[in-house]
>>> print(open('start-v2.cif').read())   # mmCIF, C-alpha atoms
data_upload
loop_
_atom_site.label_atom_id
_atom_site.label_comp_id
_atom_site.auth_asym_id
_atom_site.auth_seq_id
_atom_site.Cartn_x
_atom_site.Cartn_y
_atom_site.Cartn_z
CA MET A 1 103.63 124.91 120.97
CA TYR A 2 106.27 123.82 118.45
CA LEU A 3 109.06 124.46 120.95
CA SER A 4 107.47 122.39 123.72
CA ALA A 5 106.70 119.49 121.36
CA GLY A 6 110.25 119.69 120.04
CA ILE A 7 111.71 119.53 123.56
CA ILE A 8 109.53 116.52 124.41
CA LEU A 9 110.63 114.82 121.19
CA GLY A 10 114.25 115.49 122.09
CA VAL A 11 113.75 113.94 125.54
CA MET A 12 112.16 110.85 123.99
CA VAL A 13 115.00 110.42 121.50
CA VAL A 14 117.69 110.84 124.18
CA ILE A 15 116.04 108.33 126.54
CA TYR A 16 115.61 105.86 123.67
CA ILE A 17 119.31 106.08 122.78
CA ILE A 18 120.35 105.74 126.44
CA ALA A 19 118.11 102.69 126.86
CA LEU A 20 119.72 101.01 123.85
CA ARG A 21 123.19 101.88 125.18
CA PHE A 22 122.30 100.06 128.40
CA LYS A 23 121.47 96.98 126.30
CA LEU A 24 117.72 97.17 126.83
CA SER A 25 115.61 95.53 124.12
CA THR A 26 113.99 97.65 121.44
CA GLU A 27 110.60 97.11 123.06
CA LEU A 28 111.73 98.32 126.50
CA ALA A 29 113.56 101.24 124.91
CA MET A 30 110.35 102.36 123.19
CA LEU A 31 108.41 102.01 126.44
CA ALA A 32 111.02 104.03 128.37
CA SER A 33 110.98 106.69 125.66
CA ALA A 34 107.18 106.95 125.79
CA LEU A 35 107.10 107.26 129.59
CA ALA A 36 109.88 109.86 129.52
CA GLY A 37 107.91 111.89 126.98
CA ALA A 38 104.80 111.76 129.17
CA ILE A 39 106.77 112.92 132.22
CA ALA A 40 108.46 115.71 130.24
CA ALA A 41 105.03 116.93 129.13
CA GLY A 42 103.78 117.00 132.72
CA HIS A 43 101.44 114.03 132.44
CA TRP A 44 103.57 111.84 134.73
CA LEU A 45 102.21 108.29 134.39
CA PRO A 46 99.09 108.46 132.19
CA VAL A 47 97.77 104.97 132.95
CA ARG A 48 94.70 105.30 130.72
CA HIS A 49 96.77 106.28 127.69
CA VAL A 50 99.30 103.52 128.35
CA ALA A 51 96.46 100.97 128.51
CA GLU A 52 94.80 102.32 125.35
CA GLY A 53 98.10 102.35 123.49
CA ALA A 54 98.88 98.77 124.53
CA VAL A 55 95.74 97.48 122.80
CA THR A 56 95.96 99.74 119.74
CA TYR A 57 97.29 96.91 117.58
CA LEU A 58 95.49 94.06 119.32
CA ASP A 59 93.77 93.03 116.08
CA ILE A 60 97.12 92.86 114.27
CA ASN A 61 98.60 90.80 117.10
CA LEU A 62 95.68 88.37 116.75
CA ILE A 63 96.40 88.05 113.01
CA PHE A 64 100.05 87.34 113.81
CA ILE A 65 99.23 84.65 116.33
CA CYS A 66 96.51 82.87 114.35
CA ALA A 67 98.43 82.94 111.06
CA THR A 68 101.65 81.66 112.61
CA LEU A 69 99.71 78.93 114.43
CA PHE A 70 98.35 77.83 111.05
CA MET A 71 101.82 77.70 109.49
CA ASN A 72 103.30 75.88 112.49
CA ILE A 73 100.58 73.22 112.37
CA LEU A 74 101.29 72.77 108.67
CA LYS A 75 105.00 72.42 109.40
CA GLU A 76 104.54 69.99 112.32
CA SER A 77 102.23 67.81 110.24
CA GLY A 78 105.02 67.42 107.66
CA GLY A 79 103.35 69.54 104.99
CA ILE A 80 106.24 71.98 104.47
CA ALA A 81 108.79 69.16 104.19
CA PHE A 82 106.50 67.34 101.75
CA VAL A 83 106.25 70.44 99.52
CA VAL A 84 110.02 71.04 99.51
CA ARG A 85 110.83 67.42 98.69
CA SER A 86 108.14 67.31 95.99
CA ILE A 87 109.47 70.47 94.32
CA LEU A 88 113.03 69.14 94.46
CA LYS A 89 112.05 65.74 93.09
CA GLY A 90 109.93 67.08 90.24
CA PHE A 91 112.02 70.06 89.08
CA HIS A 92 115.64 69.37 89.98
CA ARG A 93 116.53 69.07 86.28
CA SER A 94 115.32 72.63 85.51
CA ARG A 95 117.21 75.27 87.48
CA VAL A 96 114.85 78.04 86.31
CA LEU A 97 111.66 76.32 87.47
CA LEU A 98 113.27 75.17 90.70
CA LEU A 99 114.39 78.71 91.59
CA ILE A 100 110.94 80.13 90.77
CA LEU A 101 109.14 77.55 92.93
CA LEU A 102 111.58 78.01 95.82
CA THR A 103 110.96 81.76 95.61
CA LEU A 104 107.20 81.27 95.87
CA LEU A 105 107.70 78.85 98.76
CA LEU A 106 109.67 81.53 100.64
CA LEU A 107 106.98 84.15 100.01
CA VAL A 108 104.00 82.22 101.36
CA PRO A 109 104.64 82.06 105.16
CA GLY A 110 105.46 85.75 105.54
CA ALA A 111 102.65 86.78 103.22
CA LEU A 112 100.10 84.94 105.35
CA THR A 113 101.52 86.00 108.72
CA GLY A 114 103.04 89.43 108.02
CA ALA A 115 106.33 88.41 109.69
CA GLY A 116 109.57 87.73 107.85
CA SER A 117 110.87 85.81 110.85
CA VAL A 118 108.15 83.18 110.28
CA THR A 119 109.44 82.62 106.74
CA VAL A 120 112.99 82.20 108.04
CA LEU A 121 111.95 79.75 110.75
CA ILE A 122 109.40 77.67 108.81
CA THR A 123 110.78 77.39 105.26
CA GLY A 124 114.19 79.08 105.51
CA SER A 125 116.16 76.12 106.80
CA LEU A 126 114.62 73.68 104.29
CA VAL A 127 115.14 75.97 101.30
CA ALA A 128 118.70 76.65 102.50
CA VAL A 129 119.49 72.95 102.21
CA VAL A 130 118.27 72.87 98.59
CA LEU A 131 120.11 76.07 97.63
CA THR A 132 123.34 74.85 99.21
CA TYR A 133 123.25 71.63 97.17
CA MET A 134 122.62 73.74 94.06
CA GLY A 135 126.15 75.09 94.47
CA ILE A 136 125.17 78.40 96.05
CA THR A 137 127.44 79.55 98.86
CA ARG A 138 126.01 79.79 102.37
CA ILE A 139 126.48 83.56 102.52
CA ARG A 140 124.51 84.00 99.29
CA THR A 141 121.90 81.54 100.51
CA ALA A 142 121.50 83.61 103.68
CA ALA A 143 121.10 86.81 101.62
CA ILE A 144 118.45 85.15 99.42
CA ILE A 145 116.44 83.91 102.39
CA PHE A 146 116.63 87.23 104.24
CA LEU A 147 115.57 89.36 101.27
CA CYS A 148 112.77 86.98 100.26
CA ALA A 149 111.63 86.82 103.89
CA GLY A 150 111.47 90.63 104.03
CA LEU A 151 109.48 90.77 100.81
CA SER A 152 107.19 88.01 102.06
CA ALA A 153 106.36 90.15 105.09
CA ALA A 154 105.43 93.00 102.74
CA ALA A 155 103.44 90.74 100.39
CA PRO A 156 99.63 90.47 100.62
CA PRO A 157 97.32 89.64 102.25
CA VAL A 158 98.98 90.71 105.54
CA ASN A 159 101.34 93.70 105.36
CA LEU A 160 101.88 95.04 108.85
CA TRP A 161 103.48 98.33 107.80
CA ALA A 162 100.57 99.15 105.50
CA MET A 163 98.01 98.08 108.12
CA MET A 164 99.51 100.27 110.84
CA SER A 165 99.95 103.28 108.56
CA ALA A 166 96.44 102.95 107.13
CA ALA A 167 94.94 102.59 110.60
CA GLY A 168 96.67 105.80 111.67
CA VAL A 169 94.87 107.85 109.01
CA ASN A 170 91.57 105.92 109.17
CA MET A 171 92.12 104.51 105.67
CA PRO A 172 90.59 101.06 105.02
CA TYR A 173 93.08 98.30 104.28
CA VAL A 174 91.50 97.66 100.89
CA GLY A 175 92.97 97.68 97.38
CA PHE A 176 96.49 96.72 98.45
CA PHE A 177 96.60 93.18 97.05
CA MET A 178 98.01 93.75 93.54
CA PRO A 179 100.07 96.88 94.43
CA LEU A 180 101.88 94.73 96.98
CA LEU A 181 101.96 91.42 95.13
CA ILE A 182 103.63 92.64 91.92
CA PRO A 183 106.67 94.43 93.43
CA CYS A 184 107.22 91.71 96.03
CA VAL A 185 107.22 88.92 93.45
CA LEU A 186 109.46 90.90 91.09
CA GLY A 187 111.90 91.75 93.87
CA ALA A 188 112.01 88.17 95.16
CA LEU A 189 112.56 86.67 91.70
CA PHE A 190 115.33 89.18 90.92
CA THR A 191 116.98 88.34 94.25
CA MET A 192 116.75 84.61 93.67
CA PHE A 193 118.12 84.68 90.13
CA PHE A 194 120.79 87.33 90.75
CA LEU A 195 122.25 85.53 93.76
CA GLY A 196 121.32 81.96 92.88
CA TRP A 197 121.74 81.57 89.13
CA LYS A 198 125.42 80.60 89.24
CA GLY A 199 126.02 77.23 90.80
CA THR A 200 126.39 73.54 90.12
CA ARG A 201 124.08 70.70 89.21
CA ILE A 202 122.10 69.79 92.29
CA ASP A 203 123.01 66.65 94.22
CA VAL A 204 119.49 65.31 94.75
CA GLU A 205 120.43 62.33 96.91
CA GLN A 206 122.53 64.42 99.30
CA ALA A 207 119.80 67.04 99.56
CA PHE A 208 117.16 64.42 100.31
CA SER A 209 119.37 62.95 103.03
CA GLU A 210 119.34 66.27 104.93
CA LEU A 211 115.68 67.18 104.40
CA PRO A 212 113.18 65.87 106.98
CA VAL A 213 111.01 62.98 105.80
CA PRO A 214 107.25 63.75 105.82
CA PRO A 215 104.73 61.21 107.17
CA GLN A 216 103.90 58.44 104.74
CA ARG A 217 100.23 59.43 104.41
CA MET A 218 100.97 63.10 103.65
CA ASN A 219 99.68 64.23 100.25
CA TRP A 220 98.80 67.39 98.34
CA TRP A 221 95.15 67.35 99.37
CA ARG A 222 96.06 67.59 103.06
CA ILE A 223 98.09 70.71 102.24
CA VAL A 224 95.80 72.38 99.72
CA ILE A 225 92.46 72.07 101.56
CA PRO A 226 93.44 74.38 104.49
CA PHE A 227 94.50 77.04 101.98
CA VAL A 228 91.23 76.56 100.10
CA VAL A 229 89.38 77.18 103.39
CA PHE A 230 91.33 80.40 104.01
CA PHE A 231 91.19 81.87 100.51
CA GLY A 232 87.61 80.67 100.05
CA LEU A 233 86.49 82.66 103.10
CA MET A 234 88.42 85.68 101.86
CA PHE A 235 86.89 85.38 98.37
CA MET A 236 83.37 85.09 99.76
CA GLY A 237 83.82 88.20 101.85
CA ARG A 238 84.96 90.21 98.85
CA LYS A 239 82.58 88.73 96.30
CA TRP A 240 79.42 88.92 98.43
CA PRO A 241 80.26 91.51 101.12
CA HIS A 242 76.61 92.18 102.06
CA ASP A 243 75.56 88.52 102.23
CA THR A 244 78.59 87.08 104.02
CA PRO A 245 79.10 87.42 107.80
CA VAL A 246 82.19 89.42 108.76
CA VAL A 247 84.63 86.70 109.74
CA GLY A 248 87.89 88.62 110.06
CA LEU A 249 91.43 87.46 109.27
CA PRO A 250 92.17 85.95 112.72
CA LEU A 251 89.14 83.62 112.53
CA MET A 252 89.94 82.77 108.89
CA PHE A 253 93.42 81.65 109.93
CA LEU A 254 92.01 79.72 112.89
CA LEU A 255 89.58 77.84 110.64
CA ALA A 256 92.41 77.08 108.21
CA ALA A 257 94.53 75.91 111.16
CA ALA A 258 91.68 73.67 112.33
CA ALA A 259 91.46 72.15 108.84
CA ALA A 260 95.23 71.53 108.80
CA TRP A 261 95.06 69.93 112.27
CA LEU A 262 92.14 67.67 111.33
CA LEU A 263 93.81 66.60 108.07
CA SER A 264 97.23 65.96 109.62
CA PRO A 265 98.41 62.39 108.98
CA VAL A 266 100.06 62.32 112.41
CA LYS A 267 98.70 63.18 115.85
CA LEU A 268 99.68 66.71 116.84
CA ASN A 269 100.05 68.18 120.30
CA LEU A 270 98.02 71.34 119.78
CA PHE A 271 98.89 72.74 123.23
CA ARG A 272 102.63 72.46 122.57
CA ILE A 273 102.35 74.00 119.10
CA SER A 274 100.27 76.87 120.47
CA SER A 275 102.77 77.46 123.29
CA ASP A 276 105.70 77.43 120.87
CA THR A 277 103.86 79.86 118.61
CA ILE A 278 103.43 82.39 121.43
CA LYS A 279 107.11 82.03 122.44
CA GLN A 280 108.14 82.47 118.81
CA LEU A 281 106.07 85.64 118.39
CA LEU A 282 106.65 87.18 121.81
CA PRO A 283 109.26 89.71 120.56
CA LEU A 284 106.96 90.83 117.73
CA ILE A 285 103.93 91.10 120.02
CA GLY A 286 106.01 93.09 122.47
CA THR A 287 107.18 95.41 119.70
CA LEU A 288 103.64 96.12 118.54
CA THR A 289 102.38 96.66 122.09
CA CYS A 290 105.16 99.11 122.94
CA ALA A 291 104.81 100.82 119.55
CA GLY A 292 101.13 101.40 120.32
CA ILE A 293 102.02 102.96 123.68
CA LEU A 294 104.68 105.14 122.03
CA VAL A 295 102.27 106.41 119.38
CA GLN A 296 99.57 107.08 121.99
CA ILE A 297 101.96 109.14 124.13
CA MET A 298 103.28 110.97 121.06
CA THR A 299 99.70 111.91 120.21
CA LEU A 300 99.01 113.00 123.79
CA THR A 301 102.10 115.23 123.96
CA GLY A 302 101.80 116.75 120.47
CA VAL A 303 104.94 115.09 119.14
CA ARG A 304 103.02 113.11 116.55
CA GLY A 305 101.42 116.29 115.22
CA LEU A 306 104.83 117.96 115.09
CA LEU A 307 106.26 115.11 113.00
CA ALA A 308 103.22 115.14 110.69
CA ILE A 309 103.45 118.89 110.07
CA THR A 310 107.21 118.69 109.56
CA PHE A 311 106.86 115.95 106.95
CA ILE A 312 104.08 117.71 105.08
CA THR A 313 106.03 120.97 104.88
CA LEU A 314 109.33 119.42 103.74
CA PRO A 315 110.34 119.81 100.08
CA VAL A 316 108.88 116.95 98.06
CA TRP A 317 112.19 116.15 96.34
CA LEU A 318 113.88 115.77 99.73
CA VAL A 319 111.27 113.36 101.10
CA ILE A 320 111.07 111.11 98.04
CA GLY A 321 114.80 111.31 97.35
CA SER A 322 115.66 110.13 100.86
CA LEU A 323 113.13 107.30 101.15
CA PHE A 324 115.74 104.65 100.23
CA LEU A 325 117.87 105.77 103.19
CA PHE A 326 115.28 107.04 105.68
CA LEU A 327 112.93 104.03 105.67
CA PRO A 328 115.49 101.26 106.35
CA ILE A 329 117.13 103.34 109.10
CA THR A 330 113.83 103.94 110.91
CA GLU A 331 113.00 100.23 110.59
CA SER A 332 116.38 99.28 112.05
CA VAL A 333 115.70 101.43 115.11
CA LEU A 334 111.95 101.14 115.72
CA MET A 335 111.18 97.97 113.73
CA TYR A 336 107.42 97.80 113.04
CA GLY A 337 106.97 100.90 115.18
CA SER A 338 108.46 102.94 112.32
CA ALA A 339 105.21 102.51 110.38
CA ALA A 340 103.13 103.86 113.26
CA VAL A 341 105.43 106.84 113.85
CA PHE A 342 106.47 107.80 110.32
CA GLY A 343 104.04 105.97 108.05
CA VAL A 344 101.09 108.16 109.02
CA PRO A 345 102.74 111.53 108.15
CA LEU A 346 104.08 110.04 104.92
CA VAL A 347 100.58 108.94 103.87
CA LEU A 348 99.23 112.40 104.72
CA LEU A 349 102.00 113.97 102.66
CA PHE A 350 101.36 111.75 99.65
CA ASN A 351 97.64 112.42 99.84
CA SER A 352 98.16 116.20 100.07
CA MET A 353 100.34 116.03 96.95
CA GLY A 354 97.56 114.37 94.96
CA MET A 355 99.29 110.98 94.83
CA ASN A 356 97.43 107.70 95.11
CA PRO A 357 97.94 106.94 98.83
CA ILE A 358 97.44 103.18 98.39
CA ILE A 359 100.08 102.79 95.67
CA ALA A 360 102.50 105.17 97.40
CA LEU A 361 102.09 103.38 100.74
CA ALA A 362 102.58 100.01 99.05
CA GLY A 363 105.80 101.36 97.51
CA ILE A 364 107.35 102.43 100.79
CA THR A 365 106.34 99.23 102.59
CA VAL A 366 108.38 97.28 100.04
CA ILE A 367 111.47 99.25 101.14
CA TRP A 368 110.89 99.15 104.90
CA PRO A 369 111.79 95.44 105.49
CA LEU A 370 115.34 96.04 104.23
CA GLY A 371 116.07 97.75 107.56
CA ASP A 372 115.66 94.44 109.40
CA ALA A 373 119.26 93.63 108.48
CA LEU A 374 120.73 96.87 109.86
CA PRO A 375 122.04 97.46 113.40
CA PRO A 376 121.17 98.14 116.17
CA THR A 377 118.34 95.56 116.02
CA ALA A 378 119.08 93.44 112.89
CA ILE A 379 116.92 90.71 114.41
CA ILE A 380 115.84 89.00 111.19
CA GLY A 381 119.26 89.41 109.56
CA ARG A 382 121.01 87.68 112.46
CA LEU A 383 118.26 85.08 112.73
CA THR A 384 118.80 84.21 109.06
CA LEU A 385 122.54 83.64 109.58
CA GLU A 386 121.77 81.41 112.56
CA VAL A 387 119.12 79.33 110.74
CA THR A 388 121.27 78.84 107.62
CA GLY A 389 124.41 78.03 109.65
CA THR A 390 126.41 80.82 108.03
CA ARG A 391 129.76 81.49 109.72
CA GLU A 392 131.00 84.38 107.54
CA SER A 393 131.09 87.94 108.86
CA TYR A 394 127.90 90.00 109.08
CA GLY A 395 129.48 92.67 106.88
CA LEU A 396 129.94 90.16 104.06
CA PHE A 397 126.28 89.17 104.41
CA LEU A 398 125.22 92.81 104.03
CA LYS A 399 127.48 93.15 100.98
CA GLN A 400 125.67 90.27 99.26
CA CYS A 401 122.35 92.04 99.84
CA ILE A 402 123.35 95.37 98.24
CA VAL A 403 122.41 94.86 94.57
CA PRO A 404 119.02 93.17 95.15
CA ALA A 405 118.28 95.80 97.84
CA ILE A 406 118.96 98.59 95.35
CA PHE A 407 116.59 96.93 92.87
CA ILE A 408 113.88 96.73 95.54
CA MET A 409 114.44 100.37 96.54
CA VAL A 410 114.13 101.49 92.91
CA ILE A 411 110.83 99.61 92.51
CA GLY A 412 109.43 101.13 95.72
CA THR A 413 110.50 104.66 94.82
CA LEU A 414 109.09 104.40 91.29
CA MET A 415 105.77 103.27 92.75
CA VAL A 416 105.67 106.44 94.85
CA LEU A 417 106.63 108.68 91.91
CA PHE A 418 104.11 107.13 89.50
CA SER A 419 101.40 106.29 92.02
CA LYS A 420 98.71 108.14 90.07
CA ASP A 421 99.50 106.24 86.86
CA LEU A 422 99.45 102.92 88.72
CA GLY A 423 96.14 103.60 90.42
CA PHE A 424 94.39 101.00 88.25
CA LEU A 425 96.14 98.26 90.30
CA THR A 426 93.95 99.01 93.32
CA GLY A 427 90.89 97.73 91.46
CA LEU A 428 92.41 94.42 90.40
#
>>> encode(input="start-v2.cif", output="structure tokens")
Amino acid sequence: MYLSAGIILGVMVVIYIIALRFKLSTELAMLASALAGAIAAGHWLPVRHVAEGAVTYLDINLIFICATLFMNILKESGGIAFVVRSILKGFHRSRVLLLILLTLLLLVPGALTGAGSVTVLITGSLVAVVLTYMGITRIRTAAIIFLCAGLSAAAPPVNLWAMMSAAGVNMPYVGFFMPLLIPCVLGALFTMFFLGWKGTRIDVEQAFSELPVPPQRMNWWRIVIPFVVFFGLMFMGRKWPHDTPVVGLPLMFLLAAAAAWLLSPVKLNLFRISSDTIKQLLPLIGTLTCAGILVQIMTLTGVRGLLAITFITLPVWLVIGSLFLFLPITESVLMYGSAAVFGVPLVLLFNSMGMNPIIALAGITVIWPLGDALPPTAIIGRLTLEVTGTRESYGLFLKQCIVPAIFIMVIGTLMVLFSKDLGFLTGL
């Protein structure tokens, strides 16, 4: 049994590597690997399992789409530009407050959508302008935006790695808010101040000249009310769970998007924004779909069970001691699929050791996004350089990320080690 599953795993790994060598996308490489594993196991083309795997993460894809639509409507209405200009105008004299507010601004889009790329595309370019005129070099600006974007994807309420791992072990996605919020905010603030503290006095006029001008009728109420709708629905569901209809995150984001569209001071082309949203998210949707197929085939062929047993039987010191290296590497190869493949056995291992699985899972999901800057994929890392207009080498960009990345890794590892002591966070 172990030998046959091991052979199938070997076939899947070899086909995946060959697919990448032939310049296929990560999504197609995962699909080819899954089909090769099915053929090696004698199942040929298991259409039913492929179909079931393709819709495994349909609910998460819906969250992605609806949340990103909300943020894009807010951006197109001029809300994001209004917030950036307001922060710059009100706090340009205090570097500390300005850096803190810019950090929070970078955390919001990814936290609501679960995608760091959304943070880079929606607020990254605007924040980059402000940071550049604060005397921060473009390469450091790119490092700040990438690391904060990664942490925003791990921040609550939507953490895709935690959702996929929890779904794999039938664990409710509940109690993750504070265990995710605290390390993400700490890591983002450390990144911002470590890389952005040294600089010059900001040239406000020059910065304003490059920032887009929001519509004249835009104000704080038009921005705040959609968020009140979203968080109000979330609060009602948690405060009165038995008296409130189950709305679900996708519908919450759609209602917030509707509020933002209705309150927009300018007329918006909803069809165009929706179309652009789908085009923007197509790579992520494809990744999740192919990851679902891969996990389904791995379950069918016994490979998933082999990985789970292997992880559980490994020495504890080896697993925890290698998290800082293992997690980013798996993310760089499989992207979000790494949570589906390796997150489940890790949760089972933590649970069998008597750790708090929620805290431990939150800890490793803080580390996972760092792999989005590593080859062969490095999609978000390269996207960040493109959005910020950075012309320096990619190696220099990675060098700027090292110290904040180590700080984030330490936080994540400590959360795993002391998960039992930090269990009180799940009730906050």
>>> atom_distance(input="start-v2.cif", atom1="CA of Leu374 (chain A)", atom2="CA of Met409 (chain A)")
15.1 Å
>>> residues_around(input="start-v2.cif", residues="Leu211 (chain A)", least_positions_apart="6", cutoff="9 Å", atoms="all atoms listed in the file", output="ChimeraX atom specification")
/A:81,84-85,126,129-130
>>> atom_distance(input="start-v2.cif", atom1="CA of Ile379 (chain A)", atom2="CA of Leu69 (chain A)")
20.9 Å
>>> closest_residue(input="start-v2.cif", among="A:Asp276, A:Leu180, A:Met353, A:Pro283", to="Pro315 (chain A)", atoms="all atoms listed in the file")
A:Met353
>>> atom_distance(input="start-v2.cif", atom1="CA of Ala207 (chain A)", atom2="CA of Leu147 (chain A)")
22.8 Å
>>> closest_residue(input="start-v2.cif", among="A:Ser33, A:Ser338, A:Ser352, A:Ser86", to="Phe208 (chain A)", atoms="all atoms listed in the file")
A:Ser86
>>> resolve_selection(input="start-v2.cif", expression="the PyMOL selection byres ((chain A and resi 281) around 10)", output="number ranges by chain")
A: 61, 64-65, 68, 115, 117-118, 276-280, 282-287
>>> closest_residue(input="start-v2.cif", among="A:Leu20, A:Leu97, A:Val247, A:Ile8", to="His43 (chain A)", atoms="all atoms listed in the file")
A:Ile8
>>> closest_atom_pairs(input="start-v2.cif", of="region 289-357 of chain A", to="region 23-27 of chain A", cutoff="12 Å", atoms="only C-alpha atoms", output="JSON lines")
{"residue": "A:Thr289", "atom": "CA", "partner": "A:Glu27", "partner_atom": "CA", "distance": 8.3}
{"residue": "A:Cys290", "atom": "CA", "partner": "A:Glu27", "partner_atom": "CA", "distance": 5.8}
{"residue": "A:Ala291", "atom": "CA", "partner": "A:Glu27", "partner_atom": "CA", "distance": 7.7}
{"residue": "A:Gly292", "atom": "CA", "partner": "A:Glu27", "partner_atom": "CA", "distance": 10.8}
{"residue": "A:Ile293", "atom": "CA", "partner": "A:Glu27", "partner_atom": "CA", "distance": 10.4}
{"residue": "A:Leu294", "atom": "CA", "partner": "A:Glu27", "partner_atom": "CA", "distance": 10.0}
{"residue": "A:Glu331", "atom": "CA", "partner": "A:Thr26", "partner_atom": "CA", "distance": 11.2}
{"residue": "A:Ser332", "atom": "CA", "partner": "A:Thr26", "partner_atom": "CA", "distance": 9.8}
{"residue": "A:Val333", "atom": "CA", "partner": "A:Thr26", "partner_atom": "CA", "distance": 7.6}
{"residue": "A:Leu334", "atom": "CA", "partner": "A:Thr26", "partner_atom": "CA", "distance": 7.0}
{"residue": "A:Met335", "atom": "CA", "partner": "A:Thr26", "partner_atom": "CA", "distance": 8.2}
{"residue": "A:Tyr336", "atom": "CA", "partner": "A:Glu27", "partner_atom": "CA", "distance": 10.5}
{"residue": "A:Gly337", "atom": "CA", "partner": "A:Glu27", "partner_atom": "CA", "distance": 9.5}
{"residue": "A:Ser338", "atom": "CA", "partner": "A:Thr26", "partner_atom": "CA", "distance": 11.9}
>>> resolve_selection(input="start-v2.cif", expression="the PyMOL selection byres ((chain A and resi 36) around 10)", output="short mmCIF file (atom, residue, chain, number, x, y, z; two decimals) with C-alpha atoms, in the frame of the given file")
data_model
loop_
_atom_site.label_atom_id
_atom_site.label_comp_id
_atom_site.auth_asym_id
_atom_site.auth_seq_id
_atom_site.Cartn_x
_atom_site.Cartn_y
_atom_site.Cartn_z
CA ILE A 8 109.53 116.52 124.41
CA LEU A 9 110.63 114.82 121.19
CA VAL A 11 113.75 113.94 125.54
CA MET A 12 112.16 110.85 123.99
CA VAL A 13 115.00 110.42 121.50
CA VAL A 14 117.69 110.84 124.18
CA ILE A 15 116.04 108.33 126.54
CA TYR A 16 115.61 105.86 123.67
CA MET A 30 110.35 102.36 123.19
CA LEU A 31 108.41 102.01 126.44
CA ALA A 32 111.02 104.03 128.37
CA SER A 33 110.98 106.69 125.66
CA ALA A 34 107.18 106.95 125.79
CA LEU A 35 107.10 107.26 129.59
CA GLY A 37 107.91 111.89 126.98
CA ALA A 38 104.80 111.76 129.17
CA ILE A 39 106.77 112.92 132.22
CA ALA A 40 108.46 115.71 130.24
CA ALA A 41 105.03 116.93 129.13
CA GLY A 42 103.78 117.00 132.72
CA HIS A 43 101.44 114.03 132.44
CA TRP A 44 103.57 111.84 134.73
CA LEU A 45 102.21 108.29 134.39
CA ILE A 297 101.96 109.14 124.13
#
>>> decode(input="start-v2.cif", residues="region 53-64 of chain A", atoms="N, CA and C atoms", output="PDB file, in the first residue's frame")
ATOM      1  N   GLY A  53     -13.712  17.591  -7.571  1.00  0.00           N
ATOM      2  CA  GLY A  53     -12.563  18.371  -7.125  1.00  0.00           C
ATOM      3  C   GLY A  53     -12.617  19.807  -7.611  1.00  0.00           C
ATOM      4  N   ALA A  54     -13.136  20.008  -8.822  1.00  0.00           N
ATOM      5  CA  ALA A  54     -13.192  21.358  -9.401  1.00  0.00           C
ATOM      6  C   ALA A  54     -14.095  22.298  -8.614  1.00  0.00           C
ATOM      7  N   VAL A  55     -15.114  21.735  -7.928  1.00  0.00           N
ATOM      8  CA  VAL A  55     -16.043  22.578  -7.169  1.00  0.00           C
ATOM      9  C   VAL A  55     -15.795  22.495  -5.660  1.00  0.00           C
ATOM     10  N   THR A  56     -14.678  21.872  -5.273  1.00  0.00           N
ATOM     11  CA  THR A  56     -14.383  21.739  -3.840  1.00  0.00           C
ATOM     12  C   THR A  56     -14.315  23.105  -3.162  1.00  0.00           C
ATOM     13  N   TYR A  57     -13.678  24.044  -3.814  1.00  0.00           N
ATOM     14  CA  TYR A  57     -13.477  25.372  -3.223  1.00  0.00           C
ATOM     15  C   TYR A  57     -14.348  26.426  -3.902  1.00  0.00           C
ATOM     16  N   LEU A  58     -15.526  25.999  -4.367  1.00  0.00           N
ATOM     17  CA  LEU A  58     -16.439  26.935  -5.011  1.00  0.00           C
ATOM     18  C   LEU A  58     -16.852  28.058  -4.072  1.00  0.00           C
ATOM     19  N   ASP A  59     -17.111  27.727  -2.798  1.00  0.00           N
ATOM     20  CA  ASP A  59     -17.517  28.764  -1.848  1.00  0.00           C
ATOM     21  C   ASP A  59     -16.413  29.788  -1.633  1.00  0.00           C
ATOM     22  N   ILE A  60     -15.165  29.335  -1.606  1.00  0.00           N
ATOM     23  CA  ILE A  60     -14.041  30.256  -1.436  1.00  0.00           C
ATOM     24  C   ILE A  60     -13.874  31.125  -2.674  1.00  0.00           C
ATOM     25  N   ASN A  61     -14.069  30.538  -3.846  1.00  0.00           N
ATOM     26  CA  ASN A  61     -14.013  31.340  -5.077  1.00  0.00           C
ATOM     27  C   ASN A  61     -15.085  32.426  -5.075  1.00  0.00           C
ATOM     28  N   LEU A  62     -16.266  32.104  -4.571  1.00  0.00           N
ATOM     29  CA  LEU A  62     -17.341  33.095  -4.497  1.00  0.00           C
ATOM     30  C   LEU A  62     -16.959  34.241  -3.554  1.00  0.00           C
ATOM     31  N   ILE A  63     -16.314  33.902  -2.436  1.00  0.00           N
ATOM     32  CA  ILE A  63     -15.849  34.947  -1.514  1.00  0.00           C
ATOM     33  C   ILE A  63     -14.842  35.848  -2.209  1.00  0.00           C
ATOM     34  N   PHE A  64     -13.892  35.235  -2.921  1.00  0.00           N
ATOM     35  CA  PHE A  64     -12.901  35.994  -3.681  1.00  0.00           C
ATOM     36  C   PHE A  64     -13.571  36.992  -4.619  1.00  0.00           C
TER      37      PHE A  64
END
